[in-house]
Amino acid sequence: MSSPLRIHRQAGVTLLEIDNPPVNAASAALLRQLREALAQAAADAACQAVVLYAAGRSFVCGADIAELQGPAAQPRVDLFNPVMDALESLPKPVVCAMHGMALGGGLELALACHYRVAHPDSQVGLPEVQLGILPGAGGTQRLPRLVGARHALEMISSGKRVGAQAALDMGLLDRLSADPPRAAGLAYALDLLREGAGPRPTCLRQVDSGGLDAAALRQARADAEARPQYPARLAIVQCIEAALTQPFRAGLAEERRLFEQCRLSHTSQALRHLFFAQRQAAKLPGLPADTPLRPIRKIGVIGAGTMGRGIVTNFLGAGIPSVLLETRQEALDKGVEHIRRTYDGQVAKGRLSDERVRAALDCLRPSLDPADLADCDLVIEAVFEDMQIKQDVCRMLGVRCKPGAILASNTSTLDIDVLAQASGRPADFVGMHFFSPANIMRLLEVVRGRETAPDVLATVMRLSKTIGKTAVVSGVCYGFIGNRMLESYLREADFLLMEGASPRQVDRAIENAGLAMGPCRMLDMAGTDVAARIVIEQEKNGLRPDDPAYRAVVGRLLETGRLGQKAGKGYYRYEGRQAVDDPEVQALCEELARRHGIARRDRIADQEIVERCLYPLINEGARILEEGIAYRPGDVDVVWTHGYGFPDYLGGPIFMADHVIGLPVVRDRLTHYADVKGNAQGYWTLSPLLERCAAQGTTLSDTHTNRT
Ligand code: 3HC
Ligand code: NAI
């Protein structure tokens, strides 16, 4: 393994070059070498100044996050502060020269240097909060000393990156230089030597409040306390308070204590798990990273309905020329009008400029003529969820599209392999399952058919990054990863309503458990008709359980015209966007309970609601793993946190089951409900994988699926 640090000497200056690809993370090995190199520089009479810089695309992008895991992490974290001290106390000027990004522990290295220069295009930030921790290498104490407490609190609490010019303006940087980092650092060091400038330890500076008065601090504390699921937020405020009120060393000790507390929290473990899971999801076992990609210069979307409009907007935003195809002029006009209105809204909110919108709309070609698809490199169908219609469309694509074009379907439930066969080009065929609203939701489930070619898969995965999506690959099964798990959750929600819970109680219990939206509100937003029709299709295809009460509430809502928010009534009645409890829904549930012989209860505990909705969902996730539908447990967690409003601080359903609830508890409660409710339909049958892991004391997260 090559060394992460190289030492050069030039004109009396020691140049420390960090080279630790891919992102120059400050690993334990790098920190040890830095400490040694600094001791040498201090002792070297020929060394008059030191420059710290990095090779590659960026300066240091933080501590090595993988090294923050587990009990061995503390000694590794403890390597940071001695290096910071060594930099700061060096009796010769130390310059940090940054380019690309300087993040987390990387920026903290820069803060401990005496002078800072950066490329004008570079960005700096302390994003630790996004991992549920805080800057733990002196950042909370040094940053306020450079930029004032107000800016420091803003930067550390938000985790947002700041551009070089803004960083210069606030006093974080001393100079900008468009030269390569080594040249920029050396020039600065020589200027300093010429001027006779000496060391300038940040720790000796006074903290300026920068306008952060007692009231503002109280407010920051109250905001942080309101979100106890994210303990780092409060810890950050406490560190800034320490910087304002205590000497540097005491502040540093407080930071150290709080950092460790946060690092060990469930929240940070969950967020770090998701950081890696999201990056893992992009990698496909058995698919080499250098798999050749098919060029995507122009795309087509078929159907300008709810999904087609949103899907095409993603490509327009990325500047990719797009054909939007419909069968009827009216539907096409409606779709285009909707896209325009969405853009107008973005302009009004100041999120997009007129020029960006014009450029995006210039890429759009609305059409009624399938011949316009002939030169598209990728075509995604988003027509009605009807097997016959979709097969006809796929057949047409097989005839019309050029050889080598990728053919994709946005179906949420239909069999991708059947559609692939209809196209006559199964190797070119793939599922691209976007989520509604497709221009906003970040998740993209990429469905790998039996015959999907590796380069098709690789191309779609790369393209997903271009259009700002997080892609997860799923095998072919009913509902893929996300909707298959959702099914059991929605099943129990309807049963709970028939047993006596109100939509509000179900939603509140689920939202208190951390999900962004309860099932009833969610279905009202999506349209209860969409949900009910899926159940009707299941029945047609023999996929619905032999249980007349199965998802009976949503079916009845469709029959009575309660289609959700768009109809002003669904699980709730709507006054504007306000959801109001509706006695008619209670009556409807009572009637269904009578019809299906379901006993009603006066009181259903919130805990029962949470267990009955979430534990079967976890159980289904375990089945998805044992069937190899998902490549990895983390993929399931990414699907749920990015597509279904599952709280990131719980890490996703699999992480939560393993590390928050505990698999034996999940197993015991599922068994309990099988006992008390009966299990004629197999609703509570344990996944053999879950049962085995619970018995052996292992976790689902440790499961390696056998899918390749
Ligand atoms: N530690 C370990 N690995 C890291 C890492 C880090 N800090 N940052 C990125 N990586 C790895 C990724 O896992 C990925 O590895 P892979 O190729 O094996 O999957 C690889 O580097 C490239 O990362 P991305 O795919 O994310 O590349 P991008 O170019 O899209 O983004 C980035 C680059 C903006 C640096 C992004 O990776 C990022 O945001 N990284 C995290 C930055 C961060 O949070 N730093 C703070 C760390 S905690 C800390 O410093 C504590 C200190 O205060 C003590
Ligand atoms: P929609 O009913 O809003 O739109 C479908 C559009 O397709 C209509 O405008 C129709 O005129 C057009 N169309 C039908 N046949 C066509 C043909 N042969 N050629 C060209 N256009 C044709 O439907 P929606 O909701 O957009 O769904 C589309 C697909 O996306 C379905 O497969 C659905 O399962 C899937 N999906 C829907 C989600 C949702 O929340 N609505 C979420 C994820 C996937």
# chains A, B, ... in the order shown; residues from 1 in each chain; ligands from 1
>>> select_by_dssp(residues="stretch 534-619 of chain A", states="strand (DSSP E)", output="PyMOL selection string")
chain A and resi 573-575+578-580
>>> write_last_selection(atoms="N, CA and C atoms", output="compact mmCIF listing (two decimals), in the first residue's frame")
# COMPACT_ATOMS: atom_id res chain seq x y z
N ARG A 573 -61.96 13.77 5.61
CA ARG A 573 -62.66 14.78 4.81
C ARG A 573 -61.70 15.96 4.76
N TYR A 574 -61.68 16.70 3.64
CA TYR A 574 -60.69 17.78 3.53
C TYR A 574 -61.35 19.15 3.49
N GLU A 575 -60.85 20.03 4.34
CA GLU A 575 -61.23 21.45 4.27
C GLU A 575 -59.99 22.13 3.76
N GLN A 578 -56.58 20.73 4.79
CA GLN A 578 -56.69 20.28 6.18
C GLN A 578 -57.49 18.96 6.26
N ALA A 579 -56.91 17.93 6.84
CA ALA A 579 -57.60 16.64 6.99
C ALA A 579 -58.47 16.68 8.25
N VAL A 580 -59.75 16.40 8.07
CA VAL A 580 -60.68 16.44 9.21
C VAL A 580 -61.27 15.03 9.40
>>> residues_around(residues="A:Leu663", least_positions_apart="2", cutoff="12 Å", atoms="only C-alpha atoms", output="number ranges by chain")
A: 615, 618-619, 622, 653-661, 665-670, 686-687, 689-701
>>> write_last_selection(atoms="N, CA, C and O atoms", output="CSV table (one decimal), in the first residue's frame")
chain,number,residue,atom,x,y,z
A,615,TYR,N,-43.9,-4.4,11.9
A,615,TYR,CA,-43.2,-5.7,12.0
A,615,TYR,C,-43.4,-6.6,10.8
A,615,TYR,O,-42.5,-7.3,10.4
A,618,ILE,N,-41.1,-5.5,8.2
A,618,ILE,CA,-39.8,-6.0,8.4
A,618,ILE,C,-39.7,-7.5,8.0
A,618,ILE,O,-38.7,-7.9,7.3
A,619,ASN,N,-40.7,-8.2,8.3
A,619,ASN,CA,-40.7,-9.7,8.0
A,619,ASN,C,-40.7,-9.9,6.5
A,619,ASN,O,-39.9,-10.7,6.0
A,622,ALA,N,-37.2,-9.3,5.2
A,622,ALA,CA,-36.4,-10.4,5.4
A,622,ALA,C,-36.6,-11.5,4.3
A,622,ALA,O,-35.7,-12.1,3.8
A,653,PRO,N,-35.8,0.0,7.8
A,653,PRO,CA,-36.5,-1.1,8.6
A,653,PRO,C,-35.5,-2.2,9.0
A,653,PRO,O,-35.7,-2.7,10.1
A,654,ILE,N,-34.6,-2.5,8.2
A,654,ILE,CA,-33.7,-3.7,8.6
A,654,ILE,C,-32.8,-3.3,9.7
A,654,ILE,O,-32.6,-4.0,10.7
A,655,PHE,N,-32.2,-2.1,9.6
A,655,PHE,CA,-31.3,-1.6,10.6
A,655,PHE,C,-32.0,-1.4,11.9
A,655,PHE,O,-31.6,-1.8,13.0
A,656,MET,N,-33.3,-0.9,11.8
A,656,MET,CA,-34.1,-0.7,13.0
A,656,MET,C,-34.4,-2.1,13.7
A,656,MET,O,-34.3,-2.2,14.9
A,657,ALA,N,-34.7,-3.0,12.9
A,657,ALA,CA,-35.1,-4.4,13.4
A,657,ALA,C,-33.8,-4.9,14.2
A,657,ALA,O,-33.9,-5.5,15.3
A,658,ASP,N,-32.7,-4.8,13.5
A,658,ASP,CA,-31.5,-5.4,14.1
A,658,ASP,C,-31.0,-4.6,15.3
A,658,ASP,O,-30.6,-5.2,16.3
A,659,HIS,N,-30.9,-3.3,15.2
A,659,HIS,CA,-30.2,-2.5,16.2
A,659,HIS,C,-31.0,-1.7,17.1
A,659,HIS,O,-30.5,-1.2,18.1
A,660,VAL,N,-32.3,-1.4,16.8
A,660,VAL,CA,-33.1,-0.6,17.7
A,660,VAL,C,-34.1,-1.5,18.4
A,660,VAL,O,-34.2,-1.4,19.6
A,661,ILE,N,-34.8,-2.3,17.6
A,661,ILE,CA,-35.8,-3.2,18.3
A,661,ILE,C,-35.2,-4.4,18.8
A,661,ILE,O,-35.4,-4.9,19.9
A,665,VAL,N,-37.3,-9.6,19.6
A,665,VAL,CA,-38.5,-8.9,19.9
A,665,VAL,C,-39.5,-9.0,18.7
A,665,VAL,O,-40.7,-9.2,18.8
A,666,VAL,N,-38.9,-8.7,17.5
A,666,VAL,CA,-39.8,-8.7,16.3
A,666,VAL,C,-40.4,-10.1,16.2
A,666,VAL,O,-41.6,-10.2,15.9
A,667,ARG,N,-39.5,-11.1,16.3
A,667,ARG,CA,-40.0,-12.5,16.2
A,667,ARG,C,-41.1,-12.8,17.2
A,667,ARG,O,-42.2,-13.3,16.8
A,668,ASP,N,-40.9,-12.4,18.4
A,668,ASP,CA,-41.9,-12.7,19.5
A,668,ASP,C,-43.2,-12.0,19.3
A,668,ASP,O,-44.3,-12.6,19.5
A,669,ARG,N,-43.1,-10.8,18.8
A,669,ARG,CA,-44.4,-10.0,18.6
A,669,ARG,C,-45.1,-10.6,17.4
A,669,ARG,O,-46.4,-10.6,17.4
A,670,LEU,N,-44.4,-10.9,16.4
A,670,LEU,CA,-45.1,-11.5,15.2
A,670,LEU,C,-45.8,-12.8,15.6
A,670,LEU,O,-46.9,-13.1,15.2
A,686,LEU,N,-43.5,-16.4,10.1
A,686,LEU,CA,-42.2,-15.8,10.1
A,686,LEU,C,-41.3,-16.1,8.9
A,686,LEU,O,-41.4,-17.3,8.4
A,687,SER,N,-40.6,-15.2,8.5
A,687,SER,CA,-39.6,-15.4,7.4
A,687,SER,C,-38.5,-16.4,8.0
A,687,SER,O,-38.0,-16.1,9.1
A,689,LEU,N,-35.5,-16.7,7.4
A,689,LEU,CA,-34.2,-16.0,7.7
A,689,LEU,C,-34.3,-15.2,9.0
A,689,LEU,O,-33.4,-15.3,9.8
A,690,LEU,N,-35.5,-14.5,9.2
A,690,LEU,CA,-35.6,-13.7,10.4
A,690,LEU,C,-35.6,-14.7,11.6
A,690,LEU,O,-35.0,-14.4,12.6
A,691,GLU,N,-36.3,-15.8,11.5
A,691,GLU,CA,-36.4,-16.7,12.6
A,691,GLU,C,-35.0,-17.3,12.9
A,691,GLU,O,-34.6,-17.3,14.1
A,692,ARG,N,-34.2,-17.6,11.9
A,692,ARG,CA,-32.9,-18.1,12.1
A,692,ARG,C,-32.0,-17.1,12.8
A,692,ARG,O,-31.3,-17.4,13.7
A,693,CYS,N,-32.0,-15.9,12.2
A,693,CYS,CA,-31.1,-14.8,12.8
A,693,CYS,C,-31.5,-14.6,14.3
A,693,CYS,O,-30.6,-14.4,15.1
A,694,ALA,N,-32.8,-14.5,14.5
A,694,ALA,CA,-33.2,-14.3,15.9
A,694,ALA,C,-32.8,-15.4,16.8
A,694,ALA,O,-32.3,-15.1,17.9
A,695,ALA,N,-32.8,-16.6,16.3
A,695,ALA,CA,-32.5,-17.8,17.2
A,695,ALA,C,-30.9,-17.8,17.4
A,695,ALA,O,-30.5,-18.1,18.5
A,696,GLN,N,-30.2,-17.4,16.4
A,696,GLN,CA,-28.7,-17.5,16.5
A,696,GLN,C,-28.1,-16.3,17.0
A,696,GLN,O,-26.9,-16.2,17.2
A,697,GLY,N,-28.9,-15.3,17.3
A,697,GLY,CA,-28.3,-14.0,17.8
A,697,GLY,C,-27.5,-13.2,16.8
A,697,GLY,O,-26.7,-12.4,17.1
A,698,THR,N,-27.8,-13.5,15.5
A,698,THR,CA,-27.2,-12.7,14.4
A,698,THR,C,-28.1,-11.6,13.9
A,698,THR,O,-29.3,-11.5,14.4
A,699,THR,N,-27.7,-10.9,12.9
A,699,THR,CA,-28.6,-9.8,12.4
A,699,THR,C,-28.9,-10.0,10.9
A,699,THR,O,-28.2,-10.7,10.2
A,700,LEU,N,-30.0,-9.4,10.5
A,700,LEU,CA,-30.4,-9.4,9.1
A,700,LEU,C,-29.3,-8.6,8.3
A,700,LEU,O,-29.0,-9.0,7.2
A,701,SER,N,-28.8,-7.6,9.0
A,701,SER,CA,-27.7,-6.7,8.3
A,701,SER,C,-26.5,-7.6,7.9
A,701,SER,O,-25.8,-7.2,7.0
>>> atom_distance(atom1="atom CA of A:Ala549", atom2="atom CA of A:Arg600")
13.9 Å
>>> select_by_dssp(residues="stretch 545-646 of chain A", states="helix (DSSP H, G or I)", output="ChimeraX atom specification")
/A:552-559,565-567,583-596,606-626,633-643
>>> closest_atom_pairs(of="chain A", to="ligand 2", cutoff="7 Å", atoms="only C-alpha atoms and all ligand atoms", output="CSV")
residue,atom,partner,partner_atom_place_in_ligand_line,distance
A:Ile302,CA,ligand 2,20 (C),5.0
A:Gly303,CA,ligand 2,7 (O),3.5
A:Ala304,CA,ligand 2,9 (O),4.6
A:Gly305,CA,ligand 2,4 (O),3.2
A:Thr306,CA,ligand 2,26 (O),3.7
A:Met307,CA,ligand 2,26 (O),3.6
A:Gly308,CA,ligand 2,26 (O),5.6
A:Leu325,CA,ligand 2,20 (C),5.6
A:Glu326,CA,ligand 2,20 (C),3.8
A:Thr327,CA,ligand 2,20 (C),4.6
A:Arg328,CA,ligand 2,11 (O),6.5
A:Ala331,CA,ligand 2,9 (O),5.3
A:Ala382,CA,ligand 2,29 (C),4.1
A:Val383,CA,ligand 2,7 (O),3.5
A:Phe384,CA,ligand 2,5 (C),4.6
A:Glu385,CA,ligand 2,32 (O),4.0
A:Ile389,CA,ligand 2,18 (N),6.5
A:Val393,CA,ligand 2,18 (N),5.6
A:Asn410,CA,ligand 2,30 (O),5.1
A:Thr411,CA,ligand 2,32 (O),3.7
A:Ser412,CA,ligand 2,34 (O),4.4
A:Thr413,CA,ligand 2,34 (O),6.6
A:His433,CA,ligand 2,44 (C),6.0
A:Phe434,CA,ligand 2,43 (C),5.4
A:Phe435,CA,ligand 2,43 (C),4.8
A:Ser436,CA,ligand 2,40 (O),4.7
A:Ala526,CA,ligand 2,40 (O),5.9
>>> write_last_selection(atoms="N, CA, C and O atoms", output="short mmCIF file (atom, residue, chain, number, x, y, z; two decimals), in the first residue's frame")
data_model
loop_
_atom_site.label_atom_id
_atom_site.label_comp_id
_atom_site.auth_asym_id
_atom_site.auth_seq_id
_atom_site.Cartn_x
_atom_site.Cartn_y
_atom_site.Cartn_z
N ILE A 302 -43.12 7.75 -22.63
CA ILE A 302 -44.45 7.51 -23.20
C ILE A 302 -45.50 7.66 -22.12
O ILE A 302 -45.43 6.99 -21.09
N GLY A 303 -46.45 8.56 -22.37
CA GLY A 303 -47.49 8.84 -21.39
C GLY A 303 -47.16 10.13 -20.67
O GLY A 303 -46.10 10.26 -20.06
N ALA A 304 -48.07 11.12 -20.78
CA ALA A 304 -47.82 12.42 -20.14
C ALA A 304 -48.70 12.58 -18.92
O ALA A 304 -49.12 13.68 -18.56
N GLY A 305 -49.00 11.45 -18.25
CA GLY A 305 -49.82 11.50 -17.04
C GLY A 305 -48.99 11.88 -15.83
O GLY A 305 -47.91 12.46 -15.95
N THR A 306 -49.51 11.54 -14.65
CA THR A 306 -48.85 11.91 -13.39
C THR A 306 -47.36 11.58 -13.41
O THR A 306 -46.52 12.40 -13.07
N MET A 307 -47.05 10.36 -13.83
CA MET A 307 -45.65 9.94 -13.75
C MET A 307 -44.82 10.43 -14.93
O MET A 307 -43.70 10.91 -14.77
N GLY A 308 -45.37 10.29 -16.15
CA GLY A 308 -44.61 10.67 -17.34
C GLY A 308 -44.09 12.09 -17.27
O GLY A 308 -42.93 12.37 -17.57
N LEU A 325 -44.29 11.46 -25.45
CA LEU A 325 -45.25 10.92 -26.43
C LEU A 325 -46.60 10.60 -25.77
O LEU A 325 -46.64 10.01 -24.70
N GLU A 326 -47.65 11.00 -26.45
CA GLU A 326 -49.01 10.69 -25.99
C GLU A 326 -49.84 10.18 -27.17
O GLU A 326 -49.40 10.27 -28.32
N THR A 327 -51.04 9.68 -26.85
CA THR A 327 -51.93 9.26 -27.94
C THR A 327 -52.91 10.36 -28.30
O THR A 327 -53.40 10.43 -29.42
N ARG A 328 -53.21 11.23 -27.31
CA ARG A 328 -54.23 12.28 -27.55
C ARG A 328 -53.62 13.65 -27.29
O ARG A 328 -52.90 13.85 -26.30
N ALA A 331 -54.33 15.18 -23.82
CA ALA A 331 -53.51 14.65 -22.72
C ALA A 331 -52.08 15.20 -22.80
O ALA A 331 -51.45 15.52 -21.78
N ALA A 382 -44.62 5.03 -19.45
CA ALA A 382 -45.35 5.33 -18.21
C ALA A 382 -46.83 5.44 -18.55
O ALA A 382 -47.48 6.45 -18.24
N VAL A 383 -47.36 4.41 -19.26
CA VAL A 383 -48.78 4.43 -19.62
C VAL A 383 -49.56 3.70 -18.53
O VAL A 383 -48.99 3.26 -17.54
N PHE A 384 -50.89 3.58 -18.73
CA PHE A 384 -51.74 2.99 -17.69
C PHE A 384 -51.19 1.64 -17.20
O PHE A 384 -50.64 0.88 -17.99
N GLU A 385 -51.46 1.37 -15.94
CA GLU A 385 -50.99 0.11 -15.34
C GLU A 385 -51.92 -1.02 -15.78
O GLU A 385 -52.78 -1.48 -15.02
N ILE A 389 -52.27 -3.18 -22.34
CA ILE A 389 -51.83 -1.91 -22.95
C ILE A 389 -50.30 -1.83 -22.93
O ILE A 389 -49.66 -1.48 -23.92
N VAL A 393 -47.59 -1.48 -26.01
CA VAL A 393 -46.60 -0.39 -26.10
C VAL A 393 -45.19 -0.97 -26.23
O VAL A 393 -44.39 -0.50 -27.04
N ASN A 410 -41.97 1.86 -16.32
CA ASN A 410 -42.14 2.44 -14.98
C ASN A 410 -43.22 1.70 -14.18
O ASN A 410 -43.71 2.21 -13.18
N THR A 411 -43.56 0.51 -14.62
CA THR A 411 -44.64 -0.21 -13.91
C THR A 411 -44.33 -0.35 -12.43
O THR A 411 -43.18 -0.52 -12.04
N SER A 412 -45.39 -0.29 -11.59
CA SER A 412 -45.14 -0.47 -10.16
C SER A 412 -45.40 -1.91 -9.74
O SER A 412 -44.96 -2.31 -8.67
N THR A 413 -46.12 -2.68 -10.55
CA THR A 413 -46.46 -4.03 -10.08
C THR A 413 -46.33 -5.11 -11.15
O THR A 413 -46.25 -6.29 -10.81
N HIS A 433 -38.42 2.21 -11.97
CA HIS A 433 -39.59 2.53 -11.16
C HIS A 433 -39.35 3.82 -10.38
O HIS A 433 -38.64 3.83 -9.37
N PHE A 434 -39.91 4.91 -10.91
CA PHE A 434 -39.82 6.21 -10.25
C PHE A 434 -40.91 6.29 -9.20
O PHE A 434 -41.89 5.58 -9.24
N PHE A 435 -40.77 7.23 -8.28
CA PHE A 435 -41.76 7.42 -7.23
C PHE A 435 -42.41 8.79 -7.39
O PHE A 435 -41.80 9.72 -7.89
N SER A 436 -43.65 8.88 -6.97
CA SER A 436 -44.43 10.11 -7.18
C SER A 436 -44.20 11.10 -6.04
O SER A 436 -44.24 10.68 -4.87
N ALA A 526 -51.97 10.00 -2.47
CA ALA A 526 -51.68 9.26 -3.71
C ALA A 526 -52.96 8.98 -4.49
O ALA A 526 -52.92 8.77 -5.70
#
>>> residues_near_ligand(ligand="ligand 1", cutoff="6 Å", atoms="only C-alpha atoms and all ligand atoms", output="tab-separated table (two decimals) with all heavy atoms, in the first residue's frame")
chain	number	residue	atom	x	y	z
A	22	PRO	N	-10.00	7.48	-2.16
A	22	PRO	CA	-10.54	8.39	-3.18
A	22	PRO	C	-10.75	9.84	-2.72
A	22	PRO	O	-10.82	10.73	-3.53
A	22	PRO	CB	-11.89	7.75	-3.51
A	22	PRO	CG	-12.29	7.02	-2.26
A	22	PRO	CD	-11.01	6.57	-1.61
A	23	VAL	N	-10.91	10.08	-1.41
A	23	VAL	CA	-11.28	11.44	-1.00
A	23	VAL	C	-10.29	12.01	0.03
A	23	VAL	O	-10.59	12.95	0.74
A	23	VAL	CB	-12.73	11.50	-0.43
A	23	VAL	CG1	-13.74	11.12	-1.50
A	23	VAL	CG2	-12.88	10.61	0.79
A	25	ALA	N	-9.37	10.87	2.81
A	25	ALA	CA	-9.90	10.81	4.18
A	25	ALA	C	-8.74	10.76	5.18
A	25	ALA	O	-7.71	10.14	4.94
A	25	ALA	CB	-10.78	9.58	4.35
A	61	CYS	N	-11.46	15.18	2.78
A	61	CYS	CA	-12.92	15.27	2.91
A	61	CYS	C	-13.43	14.72	4.23
A	61	CYS	O	-14.59	14.31	4.34
A	61	CYS	CB	-13.58	14.58	1.73
A	61	CYS	SG	-13.37	15.55	0.24
A	62	GLY	N	-12.59	14.66	5.24
A	62	GLY	CA	-13.07	14.28	6.56
A	62	GLY	C	-12.28	13.15	7.16
A	62	GLY	O	-11.38	12.59	6.54
A	63	ALA	N	-12.66	12.82	8.40
A	63	ALA	CA	-12.11	11.61	9.02
A	63	ALA	C	-12.58	10.45	8.18
A	63	ALA	O	-13.56	10.55	7.44
A	63	ALA	CB	-12.67	11.50	10.43
A	64	ASP	N	-11.90	9.33	8.27
A	64	ASP	CA	-12.36	8.14	7.58
A	64	ASP	C	-13.58	7.61	8.34
A	64	ASP	O	-13.46	7.14	9.47
A	64	ASP	CB	-11.24	7.09	7.56
A	64	ASP	CG	-11.60	5.90	6.69
A	64	ASP	OD1	-12.81	5.59	6.60
A	64	ASP	OD2	-10.69	5.30	6.10
A	65	ILE	N	-14.74	7.72	7.69
A	65	ILE	CA	-16.00	7.41	8.41
A	65	ILE	C	-16.02	5.94	8.83
A	65	ILE	O	-16.55	5.59	9.89
A	65	ILE	CB	-17.22	7.76	7.53
A	65	ILE	CG1	-17.21	9.26	7.21
A	65	ILE	CG2	-18.52	7.41	8.21
A	65	ILE	CD1	-18.16	9.68	6.13
A	66	ALA	N	-15.42	5.08	8.01
A	66	ALA	CA	-15.40	3.65	8.35
A	66	ALA	C	-14.66	3.43	9.68
A	66	ALA	O	-14.98	2.51	10.43
A	66	ALA	CB	-14.74	2.86	7.24
A	103	LEU	N	-13.59	19.09	3.90
A	103	LEU	CA	-14.78	18.79	4.71
A	103	LEU	C	-14.41	18.13	6.03
A	103	LEU	O	-13.41	17.40	6.12
A	103	LEU	CB	-15.71	17.84	3.95
A	103	LEU	CG	-16.20	18.30	2.57
A	103	LEU	CD1	-17.04	17.21	1.92
A	103	LEU	CD2	-17.00	19.58	2.69
A	104	GLY	N	-15.24	18.36	7.03
A	104	GLY	CA	-15.11	17.68	8.31
A	104	GLY	C	-13.70	17.80	8.87
A	104	GLY	O	-13.11	18.90	8.93
A	105	GLY	N	-13.14	16.64	9.26
A	105	GLY	CA	-11.78	16.61	9.81
A	105	GLY	C	-10.77	17.27	8.88
A	105	GLY	O	-9.72	17.74	9.35
A	127	PRO	N	-19.71	18.86	7.63
A	127	PRO	CA	-20.98	18.13	7.44
A	127	PRO	C	-21.25	17.05	8.48
A	127	PRO	O	-22.15	16.25	8.31
A	127	PRO	CB	-20.79	17.49	6.06
A	127	PRO	CG	-19.32	17.24	5.95
A	127	PRO	CD	-18.64	18.33	6.77
A	128	GLU	N	-20.48	17.03	9.57
A	128	GLU	CA	-20.61	15.93	10.54
A	128	GLU	C	-22.04	15.73	11.01
A	128	GLU	O	-22.47	14.59	11.26
A	128	GLU	CB	-19.70	16.19	11.76
A	128	GLU	CG	-18.23	15.92	11.51
A	128	GLU	CD	-17.47	17.11	10.95
A	128	GLU	OE1	-18.13	18.05	10.45
A	128	GLU	OE2	-16.22	17.10	11.01
A	135	PRO	N	-18.19	18.15	14.69
A	135	PRO	CA	-16.75	18.20	14.41
A	135	PRO	C	-16.00	17.87	15.69
A	135	PRO	O	-16.17	18.54	16.70
A	135	PRO	CB	-16.53	19.65	13.98
A	135	PRO	CG	-17.88	20.13	13.55
A	135	PRO	CD	-18.86	19.43	14.43
A	136	GLY	N	-15.19	16.81	15.63
A	136	GLY	CA	-14.58	16.32	16.87
A	136	GLY	C	-13.08	16.53	16.93
A	136	GLY	O	-12.41	15.95	17.77
A	137	ALA	N	-12.58	17.37	16.05
A	137	ALA	CA	-11.13	17.61	16.05
A	137	ALA	C	-10.87	19.11	16.20
A	137	ALA	O	-10.04	19.69	15.50
A	137	ALA	CB	-10.50	17.07	14.77
A	276	PHE	N	-22.99	4.65	3.92
A	276	PHE	CA	-22.32	3.60	3.16
A	276	PHE	C	-23.33	2.78	2.33
A	276	PHE	O	-23.02	2.38	1.20
A	276	PHE	CB	-21.52	2.68	4.09
A	276	PHE	CG	-20.27	3.35	4.60
A	276	PHE	CD1	-20.07	3.60	5.95
A	276	PHE	CD2	-19.28	3.77	3.72
A	276	PHE	CE1	-18.92	4.24	6.42
A	276	PHE	CE2	-18.12	4.41	4.17
A	276	PHE	CZ	-17.95	4.65	5.52
A	279	ARG	N	-24.04	4.37	-0.97
A	279	ARG	CA	-22.94	4.24	-1.93
A	279	ARG	C	-22.79	2.79	-2.40
A	279	ARG	O	-22.49	2.54	-3.55
A	279	ARG	CB	-21.64	4.78	-1.32
A	279	ARG	CG	-21.64	6.30	-1.39
A	279	ARG	CD	-20.81	6.97	-0.36
A	279	ARG	NE	-20.96	8.42	-0.50
A	279	ARG	CZ	-21.94	9.13	0.03
A	279	ARG	NH1	-22.88	8.53	0.74
A	279	ARG	NH2	-22.01	10.44	-0.17
A	280	GLN	N	-23.06	1.85	-1.51
A	280	GLN	CA	-23.01	0.44	-1.90
A	280	GLN	C	-24.08	0.12	-2.93
A	280	GLN	O	-23.86	-0.66	-3.84
A	280	GLN	CB	-23.27	-0.45	-0.67
A	280	GLN	CG	-22.06	-0.74	0.15
A	280	GLN	CD	-20.99	-1.46	-0.66
A	280	GLN	OE1	-19.98	-0.88	-1.02
A	280	GLN	NE2	-21.21	-2.72	-0.96
>>> residues_around(residues="stretch 449-462 of chain A", least_positions_apart="6", cutoff="7 Å", atoms="only C-alpha atoms", output="count of residues only")
17
>>> closest_residue(among="A:Arg6, A:Lys677, A:Arg551, A:Arg594", to="A:Arg612", atoms="only C-alpha atoms")
A:Lys677
>>> residues_around(residues="A:Leu274", least_positions_apart="5", cutoff="8 Å", atoms="only C-alpha atoms", output="list in words")
Gly634, Asp637, Val638, Asp648 and Gly651 of chain A
>>> write_last_selection(atoms="N, CA, C and O atoms", output="compact mmCIF listing (two decimals), in the first residue's frame")
# COMPACT_ATOMS: atom_id res chain seq x y z
N GLY A 634 -28.72 -3.36 3.21
CA GLY A 634 -28.70 -1.89 3.14
C GLY A 634 -29.54 -1.34 2.00
O GLY A 634 -30.07 -0.23 2.09
N ASP A 637 -32.97 -0.71 3.19
CA ASP A 637 -33.02 0.50 4.03
C ASP A 637 -32.97 1.77 3.18
O ASP A 637 -33.65 2.76 3.48
N VAL A 638 -32.18 1.74 2.11
CA VAL A 638 -32.11 2.93 1.24
C VAL A 638 -33.47 3.14 0.56
O VAL A 638 -33.97 4.27 0.48
N ASP A 648 -34.53 8.56 8.77
CA ASP A 648 -33.12 8.19 8.59
C ASP A 648 -32.45 7.90 9.93
O ASP A 648 -31.54 7.08 10.01
N GLY A 651 -32.36 4.42 10.52
CA GLY A 651 -31.49 3.66 9.62
C GLY A 651 -32.20 2.80 8.58
O GLY A 651 -31.54 2.12 7.81
